[in-house]
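Undergrad: Dropping in run.cif, with mmCIF, C-alpha atoms and all ligand atoms.
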data_my_file
#
loop_
_atom_site.label_atom_id
_atom_site.label_comp_id
_atom_site.auth_asym_id
_atom_site.auth_seq_id
_atom_site.Cartn_x
_atom_site.Cartn_y
_atom_site.Cartn_z
CA MET U 4 0.03 12.46 14.85
CA ILE U 5 2.85 11.26 17.05
CA ALA U 6 5.47 9.30 15.14
CA VAL U 7 6.27 5.97 16.70
CA LEU U 8 9.85 5.43 15.76
CA PHE U 9 11.16 2.01 15.15
CA LYS U 10 14.34 1.07 16.95
CA LYS U 11 15.54 -2.47 16.65
CA LYS U 12 14.79 -4.02 20.06
CA GLU U 13 17.21 -6.21 21.94
CA THR U 14 14.51 -8.53 23.27
CA THR U 15 14.04 -11.46 20.97
CA ILE U 16 10.61 -12.44 19.81
CA ASP U 17 9.60 -16.03 19.18
CA ARG U 18 8.49 -15.55 15.59
CA SER U 19 6.50 -18.76 15.57
CA LYS U 20 4.27 -17.32 18.33
CA ARG U 21 3.77 -13.83 16.96
CA ILE U 22 0.34 -12.46 16.17
CA LEU U 23 0.56 -11.37 12.56
CA PRO U 24 -1.42 -8.47 11.11
CA GLN U 25 -4.18 -9.50 8.73
CA HIS U 26 -3.69 -6.44 6.58
CA ILE U 27 -0.38 -4.65 6.01
CA GLY U 28 0.01 -1.31 4.25
CA ILE U 29 3.37 -0.24 2.87
CA ILE U 30 4.44 3.24 1.79
CA MET U 31 7.23 2.33 -0.62
CA ASP U 32 9.31 5.44 0.04
CA GLY U 33 12.91 6.31 -0.69
CA ASN U 34 13.38 5.25 -4.31
CA GLY U 35 14.64 8.67 -5.37
CA ARG U 36 17.17 8.91 -2.53
CA TRP U 37 18.34 5.36 -3.22
CA ALA U 38 19.11 6.36 -6.80
CA LYS U 39 20.71 9.66 -5.81
CA LYS U 40 23.09 7.89 -3.41
CA ARG U 41 24.28 5.84 -6.37
CA GLY U 42 24.53 8.75 -8.82
CA LEU U 43 21.65 7.27 -10.83
CA PRO U 44 18.52 8.93 -12.23
CA ARG U 45 15.43 8.75 -9.98
CA GLN U 46 13.84 6.37 -12.47
CA ALA U 47 16.48 3.78 -11.59
CA GLY U 48 15.32 3.98 -7.99
CA HIS U 49 11.73 3.31 -9.03
CA GLN U 50 12.88 0.36 -11.11
CA ALA U 51 14.70 -1.10 -8.10
CA GLY U 52 11.63 -0.30 -6.00
CA ALA U 53 9.34 -2.14 -8.42
CA SER U 54 11.56 -5.19 -8.27
CA ASN U 55 11.54 -5.08 -4.47
CA PHE U 56 7.76 -4.73 -4.50
CA ARG U 57 7.58 -8.09 -6.31
CA LYS U 58 9.92 -9.70 -3.75
CA ILE U 59 8.12 -8.38 -0.66
CA THR U 60 4.69 -9.20 -2.10
CA ARG U 61 5.74 -12.81 -2.67
CA TYR U 62 7.19 -13.00 0.84
CA CYS U 63 3.93 -11.74 2.33
CA THR U 64 2.10 -14.57 0.58
CA THR U 65 4.46 -17.11 2.17
CA LEU U 66 3.72 -15.61 5.61
CA GLY U 67 -0.01 -16.03 5.08
CA ILE U 68 -0.79 -12.30 5.21
CA LYS U 69 -4.41 -11.85 4.11
CA SER U 70 -4.19 -8.36 2.58
CA LEU U 71 -1.34 -6.17 1.45
CA THR U 72 -1.83 -2.61 0.23
CA VAL U 73 1.08 -0.84 -1.41
CA TYR U 74 1.24 2.87 -2.20
CA ALA U 75 2.56 3.03 -5.75
CA PHE U 76 1.35 6.44 -6.98
CA SER U 77 -0.51 9.16 -5.12
CA THR U 78 -2.90 11.82 -6.36
CA GLU U 79 -0.09 14.28 -5.55
CA ASN U 80 2.63 12.43 -7.49
CA TRP U 81 1.47 14.09 -10.74
CA LYS U 82 3.47 17.12 -9.54
CA ARG U 83 6.70 15.26 -10.40
CA PRO U 84 8.70 15.90 -13.56
CA LYS U 85 7.14 14.41 -16.70
CA GLU U 86 10.05 12.08 -17.35
CA GLU U 87 9.73 10.57 -13.86
CA ILE U 88 5.97 10.11 -14.30
CA ASP U 89 6.51 8.52 -17.72
CA ALA U 90 9.06 6.14 -16.22
CA LEU U 91 6.59 5.15 -13.49
CA MET U 92 3.86 4.54 -16.08
CA ASP U 93 6.29 2.33 -18.02
CA LEU U 94 7.03 0.41 -14.84
CA PHE U 95 3.30 -0.12 -14.16
CA TYR U 96 2.88 -1.32 -17.74
CA ASP U 97 5.83 -3.73 -17.50
CA TYR U 98 4.65 -5.01 -14.13
CA LEU U 99 1.13 -5.63 -15.44
CA GLN U 100 2.36 -7.46 -18.52
CA ASP U 101 4.69 -9.54 -16.41
CA ALA U 102 1.99 -10.21 -13.82
CA LEU U 103 -0.45 -11.38 -16.48
CA VAL U 104 2.04 -13.90 -17.83
CA ASN U 105 3.99 -15.01 -14.78
CA PHE U 106 1.66 -14.59 -11.82
CA ARG U 107 -1.32 -16.45 -13.22
CA GLU U 108 -0.55 -19.43 -11.07
CA GLU U 109 -0.12 -17.41 -7.89
CA ASN U 110 -3.02 -17.44 -5.52
CA VAL U 111 -3.18 -13.64 -5.20
CA ARG U 112 -6.20 -11.48 -5.89
CA THR U 113 -5.16 -8.13 -7.30
CA THR U 114 -7.17 -4.92 -6.97
CA PHE U 115 -6.25 -1.35 -7.86
CA ILE U 116 -7.39 1.32 -5.46
CA GLY U 117 -7.58 4.93 -6.58
CA ASP U 118 -9.02 6.71 -9.59
CA THR U 119 -7.63 4.61 -12.42
CA SER U 120 -9.67 6.43 -15.09
CA ILE U 121 -6.80 8.89 -15.57
CA PHE U 122 -4.36 6.24 -16.84
CA SER U 123 -3.81 5.46 -20.51
CA GLU U 124 -6.30 3.07 -22.11
CA LYS U 125 -3.48 0.54 -22.53
CA ILE U 126 -2.72 0.56 -18.78
CA GLN U 127 -6.39 0.58 -17.79
CA ALA U 128 -7.04 -2.45 -20.00
CA LEU U 129 -4.15 -4.37 -18.43
CA MET U 130 -5.30 -3.40 -14.93
CA GLN U 131 -8.76 -4.67 -15.71
CA GLU U 132 -7.31 -7.89 -17.10
CA ALA U 133 -5.22 -8.40 -13.96
CA VAL U 134 -8.29 -7.80 -11.78
CA ASP U 135 -10.50 -10.13 -13.82
CA LEU U 136 -7.93 -12.91 -14.06
CA SER U 137 -7.33 -12.96 -10.33
CA ALA U 138 -10.91 -12.29 -9.20
CA ASP U 139 -11.51 -15.84 -8.03
CA LYS U 140 -8.18 -16.31 -6.24
CA THR U 141 -8.60 -17.18 -2.61
CA GLY U 142 -5.14 -16.24 -1.32
CA MET U 143 -3.70 -12.85 -0.42
CA ARG U 144 -5.51 -9.72 -1.51
CA LEU U 145 -3.06 -7.30 -3.11
CA ASN U 146 -4.28 -3.71 -3.35
CA ILE U 147 -2.07 -1.53 -5.50
CA ALA U 148 -2.82 2.12 -4.75
CA VAL U 149 -2.46 4.15 -7.95
CA ASN U 150 -3.61 7.73 -8.38
CA TYR U 151 -4.80 7.17 -4.84
CA GLY U 152 -5.34 9.80 -2.18
CA GLY U 153 -7.11 9.30 1.13
CA ARG U 154 -8.79 12.70 0.92
CA ASP U 155 -9.99 12.06 -2.63
CA GLU U 156 -11.37 8.73 -1.54
CA ILE U 157 -13.31 10.33 1.33
CA VAL U 158 -14.64 13.05 -0.98
CA LYS U 159 -15.76 10.33 -3.42
CA ALA U 160 -17.62 8.61 -0.57
CA ILE U 161 -19.25 11.90 0.54
CA LYS U 162 -20.44 12.59 -3.02
CA GLU U 163 -21.90 9.11 -3.44
CA ILE U 164 -23.64 9.26 -0.07
CA SER U 165 -25.03 12.76 -0.61
CA ALA U 166 -26.35 11.72 -4.03
CA GLU U 167 -28.25 8.87 -2.34
CA VAL U 168 -29.60 11.22 0.32
CA ALA U 169 -30.68 13.71 -2.38
CA ALA U 170 -32.40 10.90 -4.31
CA GLY U 171 -34.21 9.86 -1.15
CA THR U 172 -32.77 6.33 -1.18
CA LEU U 173 -30.83 6.99 2.01
CA GLN U 174 -31.72 8.81 5.23
CA GLU U 175 -29.20 11.06 6.95
CA SER U 176 -29.61 8.91 10.05
CA ASP U 177 -28.35 5.89 8.04
CA ILE U 178 -24.91 7.50 7.65
CA THR U 179 -22.53 5.62 9.93
CA PRO U 180 -18.80 4.89 9.83
CA GLU U 181 -19.66 1.42 8.51
CA LEU U 182 -21.70 2.93 5.69
CA VAL U 183 -18.86 5.31 4.79
CA SER U 184 -16.49 2.33 4.62
CA THR U 185 -18.69 0.71 1.99
CA HIS U 186 -18.08 3.71 -0.28
CA LEU U 187 -14.27 3.49 -0.09
CA TYR U 188 -12.07 1.72 -2.64
CA THR U 189 -11.36 -0.87 0.04
CA ALA U 190 -15.06 -1.67 0.64
CA GLY U 191 -15.49 -5.11 2.14
CA GLN U 192 -11.86 -5.43 3.19
CA PRO U 193 -10.53 -5.28 6.75
CA ASP U 194 -8.77 -2.08 7.81
CA PRO U 195 -4.97 -2.17 7.85
CA ASP U 196 -3.50 -3.38 11.14
CA LEU U 197 0.04 -2.32 10.39
CA ILE U 198 1.43 0.41 8.14
CA ILE U 199 5.12 0.40 7.39
CA ARG U 200 7.04 3.35 6.00
CA PRO U 201 10.76 3.03 5.39
CA SER U 202 13.13 5.90 4.49
CA GLY U 203 12.95 8.01 7.63
CA GLU U 204 9.87 10.07 6.74
CA TYR U 205 7.29 10.20 9.52
CA ARG U 206 4.04 11.04 7.85
CA THR U 207 1.05 9.29 6.34
CA SER U 208 1.11 11.19 3.01
CA ASN U 209 -2.64 10.76 2.41
CA PHE U 210 -2.44 6.94 2.55
CA LEU U 211 -5.54 5.08 3.79
CA LEU U 212 -6.61 8.04 5.94
CA TRP U 213 -9.98 6.64 6.95
CA GLN U 214 -8.92 3.00 7.16
CA SER U 215 -5.82 3.67 9.29
CA ALA U 216 -7.75 5.06 12.28
CA TYR U 217 -6.40 2.23 14.48
CA ALA U 218 -3.47 1.00 12.42
CA GLU U 219 -0.12 0.54 14.10
CA TYR U 220 2.58 2.57 12.33
CA VAL U 221 6.16 1.42 12.03
CA PHE U 222 8.39 4.11 10.58
CA MET U 223 11.80 2.70 9.78
CA ASP U 224 14.89 4.90 9.57
CA ASP U 225 18.05 3.96 7.72
CA ILE U 226 16.36 1.87 5.08
CA LEU U 227 15.14 3.00 1.68
CA TRP U 228 12.44 1.02 -0.11
CA PRO U 229 14.63 -0.65 -2.79
CA ASP U 230 16.80 -2.07 0.03
CA PHE U 231 13.88 -3.01 2.30
CA SER U 232 14.48 -6.70 2.91
CA THR U 233 12.38 -9.60 4.06
CA GLU U 234 14.27 -9.31 7.37
CA ASN U 235 13.18 -5.65 7.65
CA LEU U 236 9.62 -6.83 7.16
CA GLU U 237 10.15 -9.45 9.86
CA GLU U 238 11.47 -6.73 12.20
CA ALA U 239 8.36 -4.64 11.54
CA LEU U 240 6.24 -7.69 12.32
CA ASP U 241 8.22 -8.23 15.54
CA GLU U 242 7.51 -4.63 16.48
CA TYR U 243 3.83 -5.02 15.63
CA SER U 244 3.61 -8.07 17.89
CA ARG U 245 4.98 -5.98 20.80
CA ARG U 246 2.21 -3.40 20.45
CA ASN U 247 -0.76 -3.44 22.76
CA ARG U 248 -3.77 -2.61 20.61
CA ARG U 249 -6.65 -1.20 22.61
CA PHE U 250 -8.82 0.44 19.94
CA GLY U 251 -9.75 3.17 22.36
CA GLY U 252 -10.53 0.77 25.19
CA VAL U 253 -8.37 0.03 28.24
C1 LIG U 301 8.21 7.09 -3.29
O1 LIG U 301 9.61 7.27 -3.31
C2 LIG U 301 7.86 6.15 -4.34
C3 LIG U 301 6.98 6.39 -5.35
C4 LIG U 301 6.29 7.69 -5.51
C5 LIG U 301 6.72 5.37 -6.39
C6 LIG U 301 6.57 3.97 -5.88
C7 LIG U 301 6.62 3.07 -7.04
C8 LIG U 301 7.29 1.89 -7.07
C9 LIG U 301 7.95 1.28 -5.91
C10 LIG U 301 7.41 1.14 -8.34
C11 LIG U 301 6.20 0.75 -9.08
C12 LIG U 301 5.26 -0.15 -8.44
C13 LIG U 301 4.60 -1.12 -9.10
C14 LIG U 301 3.32 -1.58 -8.56
C15 LIG U 301 5.11 -1.77 -10.32
P1 LIG U 301 10.20 8.69 -3.72
O2 LIG U 301 10.37 8.71 -5.18
O3 LIG U 301 9.35 9.77 -3.18
O4 LIG U 301 11.58 8.64 -3.00
P2 LIG U 301 12.36 9.88 -2.37
O5 LIG U 301 11.51 10.37 -1.21
O6 LIG U 301 13.64 9.27 -1.91
O7 LIG U 301 12.54 10.90 -3.45
#
Before anything else, please render the file you have as structure tokens.
TA:
Amino acid sequence: MIAVLFKKKETTIDRSKRILPQHIGIIMDGNGRWAKKRGLPRQAGHQAGASNFRKITRYCTTLGIKSLTVYAFSTENWKRPKEEIDALMDLFYDYLQDALVNFREENVRTTFIGDTSIFSEKIQALMQEAVDLSADKTGMRLNIAVNYGGRDEIVKAIKEISAEVAAGTLQESDITPELVSTHLYTAGQPDPDLIIRPSGEYRTSNFLLWQSAYAEYVFMDDILWPDFSTENLEEALDEYSRRNRRFGGV
């Protein structure tokens, strides 16, 4: 993949006329480096990142974004030291408790994408409560990717589809990209239009592999996730509005 680097452009964009993405994905990267720069433990970076996640999520709702997917914990993040993983689990727990009390009134529908069966029963119960409580909200869809990996998700889809073929309920000729999409965690949701990754890393890290086939990437240098501001988001949206999306056409 060719990295499309984001450089702040001199040309001004009339923000009232921009075409906004329907679905934004964010790889919330750089928490550890943010903490290191301040001589703090990595956990402090995740704490600051979690607080910024709340801020940016709220801002997206004010912009009228229809779906936001954030990468909070990947299938590969289990390789991290136990104390960092424990701190992240505590942050998920705190966020869920807070969300259940304070976000009830917000018109946001929350979903968790990824294999959540690995989390503690306490966390799974809170996740389920957050999903159930927000199920009838009509505003922004918030997908929180936890124990999520794009490859795992595709393997899950392949297994489900092959089981149907083996059972004779599906013909091989019925297997289409659309059918595969219905077996992903994001079934029924539009693909991401824009994926933002701050922190200067130019890779997808197994995030929404299938769904991002035609996403526009904005990789932002010089900004780590805890410092990623609403203005940085606006700049990414400016950049998105400059892109000419052709979806393979001309
Ligand atoms: C990547 O930065 C970040 C993560 C693996 C964790 C992201 C989690 C949060 C922002 C907080 C929790 C979210 C919720 C939903 C409450 P990194 O640690 O890899 O940073 P580095 O590359 O600088 O080390």
Undergrad: Give the residues close to ligand LIG 301 (chain U), within 9 Å, counting only C-alpha atoms and all ligand atoms; write them as a PDB file with C-alpha atoms, keeping the file's coordinate frame.
TA:
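Printed below is selection.pdb as written:
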ATOM      1  CA  ILE U  30       4.440   3.240   1.790  1.00  0.00           C
ATOM      2  CA  MET U  31       7.230   2.330  -0.620  1.00  0.00           C
ATOM      3  CA  ASP U  32       9.310   5.440   0.040  1.00  0.00           C
ATOM      4  CA  GLY U  33      12.910   6.310  -0.690  1.00  0.00           C
ATOM      5  CA  ASN U  34      13.380   5.250  -4.310  1.00  0.00           C
ATOM      6  CA  GLY U  35      14.640   8.670  -5.370  1.00  0.00           C
ATOM      7  CA  ARG U  36      17.170   8.910  -2.530  1.00  0.00           C
ATOM      8  CA  TRP U  37      18.340   5.360  -3.220  1.00  0.00           C
ATOM      9  CA  ALA U  38      19.110   6.360  -6.800  1.00  0.00           C
ATOM     10  CA  LYS U  39      20.710   9.660  -5.810  1.00  0.00           C
ATOM     11  CA  ARG U  45      15.430   8.750  -9.980  1.00  0.00           C
ATOM     12  CA  GLN U  46      13.840   6.370 -12.470  1.00  0.00           C
ATOM     13  CA  GLY U  48      15.320   3.980  -7.990  1.00  0.00           C
ATOM     14  CA  HIS U  49      11.730   3.310  -9.030  1.00  0.00           C
ATOM     15  CA  GLN U  50      12.880   0.360 -11.110  1.00  0.00           C
ATOM     16  CA  ALA U  51      14.700  -1.100  -8.100  1.00  0.00           C
ATOM     17  CA  GLY U  52      11.630  -0.300  -6.000  1.00  0.00           C
ATOM     18  CA  ALA U  53       9.340  -2.140  -8.420  1.00  0.00           C
ATOM     19  CA  SER U  54      11.560  -5.190  -8.270  1.00  0.00           C
ATOM     20  CA  ASN U  55      11.540  -5.080  -4.470  1.00  0.00           C
ATOM     21  CA  PHE U  56       7.760  -4.730  -4.500  1.00  0.00           C
ATOM     22  CA  ARG U  57       7.580  -8.090  -6.310  1.00  0.00           C
ATOM     23  CA  VAL U  73       1.080  -0.840  -1.410  1.00  0.00           C
ATOM     24  CA  TYR U  74       1.240   2.870  -2.200  1.00  0.00           C
ATOM     25  CA  ALA U  75       2.560   3.030  -5.750  1.00  0.00           C
ATOM     26  CA  PHE U  76       1.350   6.440  -6.980  1.00  0.00           C
ATOM     27  CA  SER U  77      -0.510   9.160  -5.120  1.00  0.00           C
ATOM     28  CA  ASN U  80       2.630  12.430  -7.490  1.00  0.00           C
ATOM     29  CA  GLU U  87       9.730  10.570 -13.860  1.00  0.00           C
ATOM     30  CA  LEU U  91       6.590   5.150 -13.490  1.00  0.00           C
ATOM     31  CA  MET U  92       3.860   4.540 -16.080  1.00  0.00           C
ATOM     32  CA  ASP U  93       6.290   2.330 -18.020  1.00  0.00           C
ATOM     33  CA  LEU U  94       7.030   0.410 -14.840  1.00  0.00           C
ATOM     34  CA  PHE U  95       3.300  -0.120 -14.160  1.00  0.00           C
ATOM     35  CA  TYR U  96       2.880  -1.320 -17.740  1.00  0.00           C
ATOM     36  CA  ASP U  97       5.830  -3.730 -17.500  1.00  0.00           C
ATOM     37  CA  TYR U  98       4.650  -5.010 -14.130  1.00  0.00           C
ATOM     38  CA  LEU U  99       1.130  -5.630 -15.440  1.00  0.00           C
ATOM     39  CA  ILE U 147      -2.070  -1.530  -5.500  1.00  0.00           C
ATOM     40  CA  ALA U 148      -2.820   2.120  -4.750  1.00  0.00           C
ATOM     41  CA  VAL U 149      -2.460   4.150  -7.950  1.00  0.00           C
ATOM     42  CA  SER U 202      13.130   5.900   4.490  1.00  0.00           C
ATOM     43  CA  GLU U 204       9.870  10.070   6.740  1.00  0.00           C
ATOM     44  CA  LEU U 227      15.140   3.000   1.680  1.00  0.00           C
ATOM     45  CA  TRP U 228      12.440   1.020  -0.110  1.00  0.00           C
ATOM     46  CA  PRO U 229      14.630  -0.650  -2.790  1.00  0.00           C
TER      47      PRO U 229
END
Undergrad: When you draw a straight line from atom CA of U:Ser244 to atom CA of U:Arg21, how long is it in Å?
TA: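 Between these atoms lies a distance of 5.8 Å.
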Undergrad: Considering only C-alpha atoms, state which residue in the set U:Glu181, U:Tyr151, U:Lys159, U:Thr207 is at the smallest distance from U:Glu79.
TA: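 Residue with the minimum atom-to-atom distance to U:Glu79: U:Tyr151.
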Undergrad: At most 10 Å from (-1.4, -1.5, 11.9), file frame, all atoms listed in the file: which residues, as a short mmCIF file (atom, residue, chain, number, x, y, z; two decimals) with C-alpha atoms, in the coordinates of the input?
TA:
data_model
loop_
_atom_site.label_atom_id
_atom_site.label_comp_id
_atom_site.auth_asym_id
_atom_site.auth_seq_id
_atom_site.Cartn_x
_atom_site.Cartn_y
_atom_site.Cartn_z
CA PRO U 24 -1.42 -8.47 11.11
CA GLN U 25 -4.18 -9.50 8.73
CA HIS U 26 -3.69 -6.44 6.58
CA ILE U 27 -0.38 -4.65 6.01
CA GLY U 28 0.01 -1.31 4.25
CA ASP U 194 -8.77 -2.08 7.81
CA PRO U 195 -4.97 -2.17 7.85
CA ASP U 196 -3.50 -3.38 11.14
CA LEU U 197 0.04 -2.32 10.39
CA ILE U 198 1.43 0.41 8.14
CA ILE U 199 5.12 0.40 7.39
CA GLN U 214 -8.92 3.00 7.16
CA SER U 215 -5.82 3.67 9.29
CA ALA U 216 -7.75 5.06 12.28
CA TYR U 217 -6.40 2.23 14.48
CA ALA U 218 -3.47 1.00 12.42
CA GLU U 219 -0.12 0.54 14.10
CA TYR U 220 2.58 2.57 12.33
CA VAL U 221 6.16 1.42 12.03
CA LEU U 240 6.24 -7.69 12.32
CA TYR U 243 3.83 -5.02 15.63
CA ARG U 246 2.21 -3.40 20.45
CA ARG U 248 -3.77 -2.61 20.61
#
Undergrad: First collect every listed atom of stretch 209-213 of chain U; then fit an axis-aligned box around them, widen it by 6 Å on each side, and give centre and edge lengths in Å to one decimal, as AutoDock Vina command-line options.
TA:
--center_x -6.2 --center_y 7.9 --center_z 4.7 --size_x 19.5 --size_y 17.7 --size_z 16.5
Undergrad: Have a look at atom CA of U:Glu167 and atom CA of U:Thr78 and let me know their distance in Å, one decimal.
TA: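 Spanning atom CA of U:Glu167 to atom CA of U:Thr78 is a straight-line distance of 25.8 Å.
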Undergrad: Excluding U:Asn110 and its own-chain neighbours fewer than 6 positions away, which residues fall within 10 Å of it when counting only C-alpha atoms? Please give them as a PyMOL selection string.
TA: chain U and resi 64+137+139-144
Undergrad: Output C-alpha atoms for every residue in that selection, as a short mmCIF file (atom, residue, chain, number, x, y, z; two decimals), keeping the file's coordinate frame.
TA:
data_model
loop_
_atom_site.label_atom_id
_atom_site.label_comp_id
_atom_site.auth_asym_id
_atom_site.auth_seq_id
_atom_site.Cartn_x
_atom_site.Cartn_y
_atom_site.Cartn_z
CA THR U 64 2.10 -14.57 0.58
CA SER U 137 -7.33 -12.96 -10.33
CA ASP U 139 -11.51 -15.84 -8.03
CA LYS U 140 -8.18 -16.31 -6.24
CA THR U 141 -8.60 -17.18 -2.61
CA GLY U 142 -5.14 -16.24 -1.32
CA MET U 143 -3.70 -12.85 -0.42
CA ARG U 144 -5.51 -9.72 -1.51
#
Undergrad: Quick check, in Å to one decimal: how far apart do atom CA of U:Phe222 and atom CA of U:Ser208 lie?
TA: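 Distance reported for this atom pair: 12.7 Å.
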Undergrad: My list of candidates is U:Ser165, U:Leu129, U:Gly203, U:Pro44. Which is closest to U:Ile226 when distances are computed with all atoms listed in the file?
TA: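 Closest residue, counting all atoms listed in the file: U:Gly203.
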Undergrad: Hey, which of U:Trp213, U:Ile22, U:Ser70, U:Arg206 ends up closest to U:Pro180? Count all atoms listed in the file.
TA: U:Trp213
Undergrad: Taking into account all atoms listed in the file, which residue in the set U:Ile88, U:Gly171, U:Ile178, U:Tyr188 is nearest to U:Thr119?
TA: U:Tyr188
Undergrad: Would you mind listing what lies within 10 Å of U:Asp177 as a PyMOL selection string, with only C-alpha atoms counted and same-chain residues fewer than 4 positions away left out?
TA: chain U and resi 164+168+173+181-182
Undergrad: Pick out the closest residue to U:Glu242 from this set: U:Met223, U:Ala102, U:Ala190, U:Gly153. Count all atoms listed in the file.
TA: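 Among the listed residues, the smallest separation from U:Glu242 belongs to U:Met223.
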Undergrad: Using all atoms listed in the file for the distances, tell me which of U:Leu187, U:Phe115, U:Arg18, U:Gln192 is nearest to U:Leu66.
TA: U:Arg18
